[in-house]
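S.K.: Below you'll find target_19.csv; it's CSV, C-alpha atoms.
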```
chain,number,residue,atom,x,y,z
A,21,MET,CA,0.0,0.0,0.0
A,22,ASN,CA,1.3,3.4,-1.0
A,23,PRO,CA,1.4,6.0,1.8
A,24,PRO,CA,-1.0,8.9,1.4
A,25,LYS,CA,0.3,11.9,-0.4
A,26,THR,CA,0.8,15.0,1.7
A,27,ASP,CA,1.7,18.5,0.8
A,28,ALA,CA,3.5,21.0,3.0
A,29,ARG,CA,0.9,23.4,4.2
A,30,ARG,CA,1.0,26.5,6.4
A,31,HIS,CA,-0.5,25.7,9.8
A,32,HIS,CA,-0.5,29.2,11.2
A,33,ASP,CA,-1.9,32.6,10.4
A,34,PRO,CA,1.0,34.8,9.5
A,35,GLU,CA,-1.1,37.9,10.4
A,36,VAL,CA,-1.1,37.0,14.1
A,37,ARG,CA,1.4,39.1,16.0
A,38,GLY,CA,2.5,39.2,19.6
A,39,PHE,CA,4.9,40.6,22.2
A,40,ALA,CA,5.7,37.4,24.0
A,41,SER,CA,9.3,36.8,22.8
A,42,ASP,CA,11.7,37.7,20.1
A,43,ASN,CA,11.9,33.9,19.6
A,44,TYR,CA,8.4,34.0,18.2
A,45,ALA,CA,9.6,35.9,15.1
A,46,GLY,CA,10.4,34.0,11.9
A,47,VAL,CA,13.7,34.0,10.1
A,48,HIS,CA,15.0,37.1,8.4
A,49,PRO,CA,14.9,36.8,4.6
A,50,GLU,CA,18.6,37.5,4.3
A,51,VAL,CA,19.4,34.6,6.6
A,52,LEU,CA,17.1,32.3,4.6
A,53,ALA,CA,18.9,33.4,1.5
A,54,ALA,CA,22.2,32.6,3.1
A,55,LEU,CA,21.0,29.1,4.1
A,56,ALA,CA,19.9,28.5,0.5
A,57,LEU,CA,23.4,29.7,-0.7
A,58,ALA,CA,25.1,27.2,1.6
A,59,ASN,CA,22.9,24.3,0.4
A,60,GLY,CA,23.8,22.0,-2.4
A,61,GLY,CA,26.9,20.0,-2.9
A,62,HIS,CA,29.0,18.4,-0.3
A,63,GLN,CA,30.9,20.1,2.5
A,64,VAL,CA,33.0,18.4,5.2
A,65,SER,CA,30.9,17.8,8.4
A,66,TYR,CA,31.4,18.7,12.0
A,67,GLY,CA,32.8,22.1,11.4
A,68,GLU,CA,35.5,21.5,8.9
A,69,ASP,CA,33.5,23.3,6.2
A,70,ALA,CA,34.2,26.5,4.3
A,71,TYR,CA,31.4,28.5,6.1
A,72,THR,CA,32.6,27.7,9.6
A,73,ASP,CA,36.2,28.5,8.6
A,74,HIS,CA,35.1,31.9,7.2
A,75,LEU,CA,33.0,32.6,10.3
A,76,GLN,CA,36.2,32.7,12.3
A,77,GLN,CA,37.4,35.7,10.3
A,78,VAL,CA,34.1,37.4,10.7
A,79,MET,CA,34.1,36.9,14.5
A,80,ARG,CA,37.6,38.2,14.8
A,81,SER,CA,36.6,41.4,13.0
A,82,HIS,CA,34.2,42.0,15.8
A,83,PHE,CA,36.0,40.5,18.8
A,84,GLY,CA,39.7,40.7,18.1
A,85,ALA,CA,42.5,38.5,16.7
A,86,THR,CA,42.3,35.9,19.5
A,87,ALA,CA,38.6,35.2,19.2
A,88,GLU,CA,37.6,31.6,18.3
A,89,ALA,CA,34.0,30.7,17.6
A,90,PHE,CA,32.4,27.3,18.4
A,91,PRO,CA,28.9,27.2,16.8
A,92,VAL,CA,26.3,25.4,18.8
A,93,PHE,CA,22.5,24.7,18.5
A,94,ASN,CA,21.0,26.9,21.1
A,95,GLY,CA,21.6,29.4,23.9
A,96,THR,CA,21.4,27.0,26.8
A,97,GLY,CA,23.9,24.8,25.1
A,98,ALA,CA,26.2,27.8,24.6
A,99,ASN,CA,26.0,28.8,28.2
A,100,VAL,CA,26.5,25.2,29.6
A,101,VAL,CA,29.5,24.5,27.3
A,102,ALA,CA,31.1,27.9,28.0
A,103,LEU,CA,30.7,27.6,31.8
A,104,GLN,CA,32.1,24.0,31.8
A,105,ALA,CA,35.1,25.2,29.9
A,106,LEU,CA,35.8,27.8,32.5
A,107,THR,CA,35.4,25.7,35.6
A,108,ASP,CA,36.8,22.6,37.4
A,109,ARG,CA,34.5,19.9,38.6
A,110,TRP,CA,34.3,21.6,42.0
A,111,GLY,CA,33.7,25.0,40.5
A,112,ALA,CA,30.8,27.4,41.0
A,113,VAL,CA,29.4,30.3,39.0
A,114,ILE,CA,28.3,33.6,40.5
A,115,CYS,CA,25.4,35.2,38.7
A,116,ALA,CA,22.4,37.5,39.3
A,117,GLU,CA,19.4,35.8,40.8
A,118,SER,CA,17.4,36.8,37.6
A,119,ALA,CA,20.0,35.3,35.2
A,120,HIS,CA,18.8,33.1,32.5
A,121,ILE,CA,21.2,30.3,33.5
A,122,ASN,CA,19.5,30.3,36.9
A,123,VAL,CA,15.8,30.9,36.0
A,124,ASP,CA,15.1,29.7,32.5
A,125,GLU,CA,17.4,26.8,31.6
A,126,GLY,CA,15.6,24.0,33.4
A,127,GLY,CA,18.6,23.3,35.7
A,128,ALA,CA,20.8,22.5,32.8
A,129,PRO,CA,24.0,24.2,34.3
A,130,GLU,CA,23.5,22.0,37.4
A,131,ARG,CA,22.2,18.8,35.8
A,132,MET,CA,24.2,18.7,32.6
A,133,GLY,CA,27.2,20.9,33.5
A,134,GLY,CA,27.6,19.8,37.1
A,135,LEU,CA,27.9,23.4,38.2
A,136,LYS,CA,26.8,25.2,41.4
A,137,LEU,CA,25.2,28.5,40.8
A,138,LEU,CA,25.8,31.1,43.5
A,139,THR,CA,23.1,33.7,43.0
A,140,VAL,CA,22.8,37.3,44.1
A,141,PRO,CA,19.6,39.4,44.2
A,142,THR,CA,19.9,42.6,42.1
A,143,PRO,CA,17.5,45.5,41.7
A,144,ASP,CA,18.1,45.9,38.0
A,145,GLY,CA,19.5,42.5,36.8
A,146,LYS,CA,23.1,43.8,36.9
A,147,LEU,CA,25.9,42.6,39.1
A,148,THR,CA,28.5,44.9,40.6
A,149,PRO,CA,31.8,44.2,42.3
A,150,GLU,CA,30.1,44.7,45.7
A,151,LEU,CA,27.3,42.3,44.8
A,152,ILE,CA,29.8,39.7,43.5
A,153,ASP,CA,31.6,39.8,46.9
A,154,ARG,CA,28.4,38.5,48.6
A,155,GLN,CA,29.3,35.1,47.1
A,156,ALA,CA,33.0,35.5,46.3
A,157,TYR,CA,34.6,33.7,49.3
A,158,GLY,CA,35.6,30.3,50.6
A,159,TRP,CA,38.0,29.3,47.9
A,160,GLU,CA,39.9,27.1,50.4
A,161,ASP,CA,36.8,25.7,52.1
A,162,GLU,CA,36.3,22.2,51.0
A,163,HIS,CA,32.7,22.3,52.3
A,164,ARG,CA,31.8,25.0,49.8
A,165,ALA,CA,31.7,25.0,46.0
A,166,MET,CA,34.6,27.2,44.8
A,167,PRO,CA,33.7,30.4,43.0
A,168,GLN,CA,35.5,30.3,39.7
A,169,VAL,CA,33.4,32.3,37.3
A,170,VAL,CA,31.3,35.4,37.2
A,171,SER,CA,28.5,35.2,34.6
A,172,ILE,CA,26.7,38.4,33.5
A,173,THR,CA,24.1,38.9,30.8
A,174,GLN,CA,24.2,41.7,28.2
A,175,ASN,CA,21.6,43.0,27.9
A,176,THR,CA,20.2,41.7,31.2
A,177,GLU,CA,17.0,39.6,31.7
A,178,LEU,CA,15.3,42.8,32.9
A,179,GLY,CA,16.2,44.7,29.7
A,180,THR,CA,18.9,46.8,31.3
A,181,VAL,CA,22.3,47.3,29.7
A,182,TYR,CA,25.8,47.3,31.3
A,183,THR,CA,28.1,50.1,30.3
A,184,PRO,CA,31.7,49.2,29.2
A,185,GLU,CA,32.9,50.8,32.5
A,186,GLU,CA,30.6,48.6,34.5
A,187,ILE,CA,31.8,45.4,32.8
A,188,SER,CA,35.4,46.5,33.0
A,189,ALA,CA,35.0,46.9,36.8
A,190,ILE,CA,33.5,43.5,37.1
A,191,CYS,CA,36.3,41.9,35.0
A,192,GLU,CA,39.0,43.6,37.0
A,193,HIS,CA,37.4,42.6,40.3
A,194,ALA,CA,36.8,39.0,39.2
A,195,HIS,CA,40.3,38.5,37.8
A,196,ALA,CA,41.9,40.0,40.9
A,197,ARG,CA,40.2,37.2,42.8
A,198,GLY,CA,41.3,34.5,40.4
A,199,MET,CA,37.9,34.2,38.7
A,200,LYS,CA,37.0,34.3,35.0
A,201,VAL,CA,34.2,36.2,33.4
A,202,HIS,CA,31.5,34.8,31.1
A,203,LEU,CA,29.0,37.0,29.2
A,204,ASP,CA,25.7,35.6,28.1
A,205,GLY,CA,25.1,37.6,24.9
A,206,ALA,CA,21.7,36.2,23.8
A,207,ARG,CA,20.8,39.8,22.9
A,208,ILE,CA,24.3,41.2,22.6
A,209,ALA,CA,23.3,43.0,19.4
A,210,ASN,CA,20.5,44.9,21.2
A,211,ALA,CA,23.0,46.0,23.8
A,212,ALA,CA,25.5,47.2,21.2
A,213,VAL,CA,22.8,49.3,19.5
A,214,SER,CA,21.6,50.7,22.8
A,215,LEU,CA,25.2,51.8,23.7
A,216,ASN,CA,26.0,52.8,20.1
A,217,ILE,CA,29.4,51.1,20.3
A,218,PRO,CA,31.0,48.0,18.8
A,219,MET,CA,30.6,44.8,20.6
A,220,ARG,CA,34.3,44.5,21.3
A,221,THR,CA,34.1,47.7,23.4
A,222,PHE,CA,32.3,45.8,26.2
A,223,THR,CA,33.7,42.3,25.7
A,224,ASN,CA,37.3,41.5,24.8
A,225,ALA,CA,38.4,45.2,25.3
A,226,VAL,CA,37.4,45.2,28.9
A,227,GLY,CA,38.4,41.7,29.9
A,228,VAL,CA,35.6,39.3,29.2
A,229,ASP,CA,37.0,35.8,28.8
A,230,VAL,CA,34.2,33.9,27.0
A,231,LEU,CA,30.9,34.9,25.6
A,232,SER,CA,27.8,33.2,24.4
A,233,PHE,CA,26.9,34.9,21.1
A,234,GLY,CA,23.1,34.9,20.3
A,235,GLY,CA,21.7,34.6,16.8
A,236,THR,CA,18.2,33.2,17.2
A,237,LYS,CA,16.7,36.2,18.9
A,238,ASN,CA,18.1,38.5,16.2
A,239,GLY,CA,16.8,36.9,13.0
A,240,ALA,CA,18.4,33.4,12.7
A,241,LEU,CA,16.6,30.2,12.3
A,242,PHE,CA,18.6,28.5,15.0
A,243,GLY,CA,22.2,28.6,16.2
A,244,GLU,CA,24.4,30.5,18.6
A,245,ALA,CA,28.2,30.3,19.3
A,246,VAL,CA,30.6,30.1,22.2
A,247,VAL,CA,33.2,32.7,21.4
A,248,VAL,CA,36.5,32.2,23.3
A,249,LEU,CA,38.2,35.6,23.7
A,250,ASN,CA,40.9,34.5,26.2
A,251,GLN,CA,42.4,31.3,25.0
A,252,ASP,CA,44.2,30.8,28.3
A,253,ALA,CA,40.9,30.8,30.2
A,254,VAL,CA,39.5,27.6,28.7
A,255,SER,CA,40.4,24.0,28.0
A,256,HIS,CA,39.1,21.2,25.8
A,257,MET,CA,36.3,23.3,24.1
A,258,LYS,CA,35.9,20.8,21.3
A,259,HIS,CA,35.5,17.9,23.6
A,260,LEU,CA,33.1,19.7,25.8
A,261,ARG,CA,30.9,20.8,22.9
A,262,LYS,CA,30.7,17.2,21.6
A,263,MET,CA,30.1,15.7,25.1
A,264,SER,CA,27.3,18.3,25.6
A,265,MET,CA,25.5,17.2,22.5
A,266,GLN,CA,26.1,20.6,20.8
A,267,LEU,CA,28.3,19.5,17.9
A,268,ALA,CA,26.3,19.9,14.6
A,269,SER,CA,27.2,17.5,11.9
A,270,LYS,CA,26.0,19.9,9.2
A,271,MET,CA,27.6,22.9,10.9
A,272,ARG,CA,27.7,25.0,7.8
A,273,PHE,CA,24.0,25.7,8.3
A,274,VAL,CA,24.7,27.2,11.7
A,275,SER,CA,27.8,29.1,10.7
A,276,VAL,CA,26.3,30.6,7.5
A,277,GLN,CA,23.5,32.2,9.5
A,278,LEU,CA,25.9,33.8,11.9
A,279,GLU,CA,28.0,35.0,9.0
A,280,ALA,CA,24.9,36.4,7.3
A,281,LEU,CA,24.1,38.4,10.5
A,282,LEU,CA,27.7,39.6,11.2
A,283,ALA,CA,29.6,39.9,7.9
A,284,LYS,CA,27.8,43.2,7.1
A,285,ASP,CA,25.3,45.1,9.1
A,286,LEU,CA,22.2,42.8,9.3
A,287,TRP,CA,22.8,42.2,13.0
A,288,LEU,CA,22.8,46.0,13.6
A,289,ARG,CA,19.7,46.7,11.4
A,290,ASN,CA,17.7,43.9,13.1
A,291,ALA,CA,18.7,45.0,16.7
A,292,ARG,CA,18.2,48.7,16.0
A,293,HIS,CA,14.7,48.1,14.7
A,294,SER,CA,13.6,45.9,17.6
A,295,ASN,CA,15.0,48.5,20.1
A,296,GLU,CA,13.2,51.3,18.3
A,297,MET,CA,9.9,49.4,18.4
A,298,ALA,CA,10.4,48.9,22.2
A,299,GLN,CA,10.9,52.6,22.6
A,300,ARG,CA,7.8,53.3,20.6
A,301,LEU,CA,5.9,50.8,22.7
A,302,ALA,CA,7.2,52.4,26.0
A,303,GLU,CA,6.2,55.8,24.8
A,304,GLY,CA,2.7,54.6,24.0
A,305,VAL,CA,2.3,52.8,27.3
A,306,ARG,CA,3.5,55.8,29.4
A,307,ALA,CA,0.4,57.6,28.1
A,308,VAL,CA,-1.9,55.0,29.5
A,309,HIS,CA,-3.1,55.9,33.1
A,310,GLY,CA,-2.7,53.0,35.5
A,311,VAL,CA,0.2,51.3,33.7
A,312,GLU,CA,3.6,51.5,35.3
A,313,ILE,CA,6.9,50.8,33.4
A,314,LEU,CA,9.2,49.0,35.8
A,315,HIS,CA,12.7,49.2,34.4
A,316,PRO,CA,14.5,51.5,32.0
A,317,VAL,CA,13.8,50.6,28.4
A,318,GLN,CA,17.3,50.2,27.1
A,319,ALA,CA,16.9,47.4,24.6
A,320,ASN,CA,14.0,45.5,23.1
A,321,ALA,CA,12.0,44.7,26.2
A,322,VAL,CA,9.3,46.6,28.1
A,323,PHE,CA,8.5,45.5,31.7
A,324,ALA,CA,5.2,46.9,33.1
A,325,ARG,CA,2.8,46.5,35.9
A,326,LEU,CA,-1.0,46.7,35.3
A,327,PRO,CA,-4.1,45.1,36.8
A,328,HIS,CA,-4.1,41.3,36.5
A,329,ASP,CA,-7.6,41.1,34.9
A,330,VAL,CA,-6.5,43.6,32.2
A,331,SER,CA,-3.5,41.5,31.3
A,332,GLU,CA,-5.6,38.4,31.1
A,333,ARG,CA,-8.1,40.0,28.7
A,334,LEU,CA,-5.2,41.6,26.7
A,335,GLN,CA,-3.5,38.2,26.3
A,336,LYS,CA,-6.6,37.0,24.4
A,337,ARG,CA,-5.8,39.6,21.8
A,338,TYR,CA,-1.9,39.6,21.9
A,339,ARG,CA,0.4,36.9,23.2
A,340,PHE,CA,2.7,37.9,26.0
A,341,TYR,CA,3.9,36.5,29.3
A,342,PHE,CA,3.6,37.4,33.0
A,343,TRP,CA,7.0,38.1,34.5
A,344,ASP,CA,5.7,38.1,38.1
A,345,GLU,CA,2.0,37.1,38.0
A,346,ALA,CA,1.4,37.7,41.7
A,347,ALA,CA,2.6,41.3,41.4
A,348,GLY,CA,0.9,41.9,38.0
A,349,ASP,CA,4.2,42.3,36.2
A,350,VAL,CA,4.4,41.5,32.5
A,351,ARG,CA,7.1,41.5,29.8
A,352,TRP,CA,6.6,42.8,26.3
A,353,MET,CA,9.3,41.9,23.7
A,354,CYS,CA,9.8,43.4,20.3
A,355,SER,CA,11.6,41.7,17.5
A,356,PHE,CA,13.3,42.5,14.1
A,357,ASP,CA,9.9,42.1,12.4
A,358,THR,CA,7.7,44.1,14.8
A,359,THR,CA,6.0,46.9,12.9
A,360,GLU,CA,4.8,50.3,13.9
A,361,ASP,CA,1.3,49.1,13.3
A,362,ASP,CA,1.9,46.1,15.6
A,363,VAL,CA,2.9,48.5,18.4
A,364,ASP,CA,0.1,51.0,17.8
A,365,GLY,CA,-2.5,48.3,17.6
A,366,PHE,CA,-1.3,46.8,20.9
A,367,VAL,CA,-1.3,50.2,22.7
A,368,ALA,CA,-4.8,50.9,21.4
A,369,ALA,CA,-5.9,47.5,22.7
A,370,LEU,CA,-4.3,48.2,26.1
A,371,LYS,CA,-6.1,51.5,26.3
A,372,GLU,CA,-9.4,49.7,25.5
A,373,GLU,CA,-8.9,47.1,28.2
A,374,MET,CA,-7.8,49.6,30.8
A,375,ALA,CA,-11.0,51.6,30.1
A,376,ARG,CA,-13.3,48.6,30.7
```
How does this structure look as structure tokens?
M.R.:
Amino acid sequence: MNPPKTDARRHHDPEVRGFASDNYAGVHPEVLAALALANGGHQVSYGEDAYTDHLQQVMRSHFGATAEAFPVFNGTGANVVALQALTDRWGAVICAESAHINVDEGGAPERMGGLKLLTVPTPDGKLTPELIDRQAYGWEDEHRAMPQVVSITQNTELGTVYTPEEISAICEHAHARGMKVHLDGARIANAAVSLNIPMRTFTNAVGVDVLSFGGTKNGALFGEAVVVLNQDAVSHMKHLRKMSMQLASKMRFVSVQLEALLAKDLWLRNARHSNEMAQRLAEGVRAVHGVEILHPVQANAVFARLPHDVSERLQKRYRFYFWDEAAGDVRWMCSFDTTEDDVDGFVAALKEEMAR
């Protein structure tokens, strides 16, 4: 018996828009074109292809001559591989309590990486040398996991952005205490646009040892990279990537996406647009009586507080998430394909629901 014939069909309405996550957006057309360009013919697998080789040059143009990129499947994989490469088996990682590695990765750093996370509450998602010192002690105490890494997120999970001076102070402080610095750059492009400076200015130039470079939230189909900036800070990256199930056999299709973003200015255009849409959204929301914006809008996220019942009604019209449901806090994210009409329509819907 022949199997029934099926055709590829669209299973969603492309007119439906939301503000839940920049992961909801599709793939930028220029990235899709790059994937098609890399398709066809045979290329050596597991990273020995022409696209992964060229990606090294592209990454060095952004992060300096010592930078080496290790493409991986996703952000959690990038963070877990990077943190393992920076620690011993008994090592611990100091991070903000709100950090993605602590809140949103299903315990992967602990379960898969065998790492202890030493968290610190922060008012704005950002660590400081003083906050780091709340957990930076006990290196010779065998009863305590040894602090070996400080992990920061740029921009943070609360949408705030570190200045180069702030990251420099963290790196100097951490290195003076024998610790290394990891930067989770899932939205690093948005931070660079917000600061209006090159990415190197707040990474390798100020002492960051390793970063997780994000592509998916900025227009890629899938794929991130661990970028080693300080070669002396890590060991056995290739083995760790393989052991962590992050080694793509057809790596050219990860690498070509990152190349498409970074070789010219697509990464900037996408991030600049999403940041601008967040500013437009924040401006519209500020005019709505009874809605409070909780944090400075410095990248592509708006955090707000409004009545719980209003949020529930609004969620039936536009998808978004509660950040702290008990407090009534929500998060609205903009992406590279968010339009002015999307924002204006959402603000109008918010006004209608607040007036009910």
S.K.: Work out how far apart CA of Glu332 (chain A) and CA of Ala319 (chain A) are and give it in Å to one decimal.
M.R.: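 One can read the CA of Glu332 (chain A) to CA of Ala319 (chain A) distance as 25.1 Å.
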S.K.: Env of Arg164 (chain A): 10 Å cut, atoms = only C-alpha atoms, seq-sep filter 6 positions within chain, self excluded. Answer as an MDAnalysis selection string.
M.R.: chainID A and resid 110:112 136 157:158
S.K.: Find the nearest atom pair between each residue of region 55-141 of chain A and region 342-346 of chain A for residues within 12 Å, count only C-alpha atoms, give distances in Å to one decimal, sort rows by chain and ascending number, and present the table as JSON lines.
M.R.:
```
{"residue": "A:Ser118", "atom": "CA", "partner": "A:Trp343", "partner_atom": "CA", "distance": 10.9}
{"residue": "A:Val123", "atom": "CA", "partner": "A:Trp343", "partner_atom": "CA", "distance": 11.5}
{"residue": "A:Asp124", "atom": "CA", "partner": "A:Trp343", "partner_atom": "CA", "distance": 11.8}
```
S.K.: Smallest atom-to-atom distance to Glu192 (chain A): which of A:Val213, A:Met265, A:Val228, A:Ala105, using only C-alpha atoms?
M.R.: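 With only C-alpha atoms as the atom set, the closest residue is A:Val228.
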S.K.: Could you state the separation of CA of Arg37 (chain A) and CA of Asp361 (chain A) in Å, given to one decimal place?
M.R.: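 Going from CA of Arg37 (chain A) over to CA of Asp361 (chain A) covers 10.4 Å.
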S.K.: Write region 316-337 of chain A as a short mmCIF file (atom, residue, chain, number, x, y, z; two decimals), in the frame of the given file, completed to N, CA and C atoms.
M.R.:
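This went into out.cif:
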```cif
data_model
loop_
_atom_site.label_atom_id
_atom_site.label_comp_id
_atom_site.auth_asym_id
_atom_site.auth_seq_id
_atom_site.Cartn_x
_atom_site.Cartn_y
_atom_site.Cartn_z
N PRO A 316 14.16 50.75 33.18
CA PRO A 316 14.50 51.50 32.00
C PRO A 316 14.46 50.70 30.74
N VAL A 317 13.88 51.28 29.70
CA VAL A 317 13.80 50.60 28.40
C VAL A 317 14.99 50.88 27.60
N GLN A 318 15.96 49.97 27.68
CA GLN A 318 17.30 50.20 27.10
C GLN A 318 17.55 49.29 25.88
N ALA A 319 16.74 48.28 25.70
CA ALA A 319 16.90 47.40 24.60
C ALA A 319 15.59 47.09 23.92
N ASN A 320 15.22 45.82 23.77
CA ASN A 320 14.00 45.50 23.10
C ASN A 320 12.90 44.91 23.96
N ALA A 321 12.98 45.22 25.26
CA ALA A 321 12.00 44.70 26.20
C ALA A 321 11.37 45.85 27.00
N VAL A 322 10.07 45.68 27.29
CA VAL A 322 9.30 46.60 28.10
C VAL A 322 8.72 45.80 29.27
N PHE A 323 9.07 46.14 30.50
CA PHE A 323 8.50 45.50 31.70
C PHE A 323 7.49 46.47 32.29
N ALA A 324 6.29 45.97 32.56
CA ALA A 324 5.20 46.90 33.10
C ALA A 324 4.42 46.17 34.14
N ARG A 325 3.70 46.99 34.90
CA ARG A 325 2.80 46.50 35.90
C ARG A 325 1.40 47.09 35.63
N LEU A 326 0.39 46.23 35.60
CA LEU A 326 -1.00 46.70 35.30
C LEU A 326 -1.93 45.67 36.00
N PRO A 327 -3.20 46.00 36.10
CA PRO A 327 -4.10 45.10 36.80
C PRO A 327 -4.16 43.71 36.11
N HIS A 328 -4.21 42.68 36.95
CA HIS A 328 -4.10 41.30 36.50
C HIS A 328 -5.24 40.98 35.49
N ASP A 329 -6.46 41.43 35.76
CA ASP A 329 -7.60 41.10 34.90
C ASP A 329 -7.42 41.77 33.51
N VAL A 330 -6.79 42.96 33.48
CA VAL A 330 -6.50 43.60 32.20
C VAL A 330 -5.55 42.79 31.38
N SER A 331 -4.49 42.30 32.03
CA SER A 331 -3.50 41.50 31.30
C SER A 331 -4.15 40.22 30.75
N GLU A 332 -5.00 39.59 31.53
CA GLU A 332 -5.60 38.40 31.10
C GLU A 332 -6.52 38.62 29.83
N ARG A 333 -7.24 39.72 29.83
CA ARG A 333 -8.10 40.00 28.70
C ARG A 333 -7.18 40.40 27.47
N LEU A 334 -6.12 41.16 27.74
CA LEU A 334 -5.20 41.60 26.70
C LEU A 334 -4.51 40.39 26.04
N GLN A 335 -4.22 39.37 26.86
CA GLN A 335 -3.50 38.20 26.30
C GLN A 335 -4.39 37.42 25.32
N LYS A 336 -5.69 37.62 25.36
CA LYS A 336 -6.60 37.00 24.40
C LYS A 336 -6.48 37.66 23.02
N ARG A 337 -5.91 38.86 23.01
CA ARG A 337 -5.80 39.60 21.80
C ARG A 337 -4.32 39.62 21.26
#
```
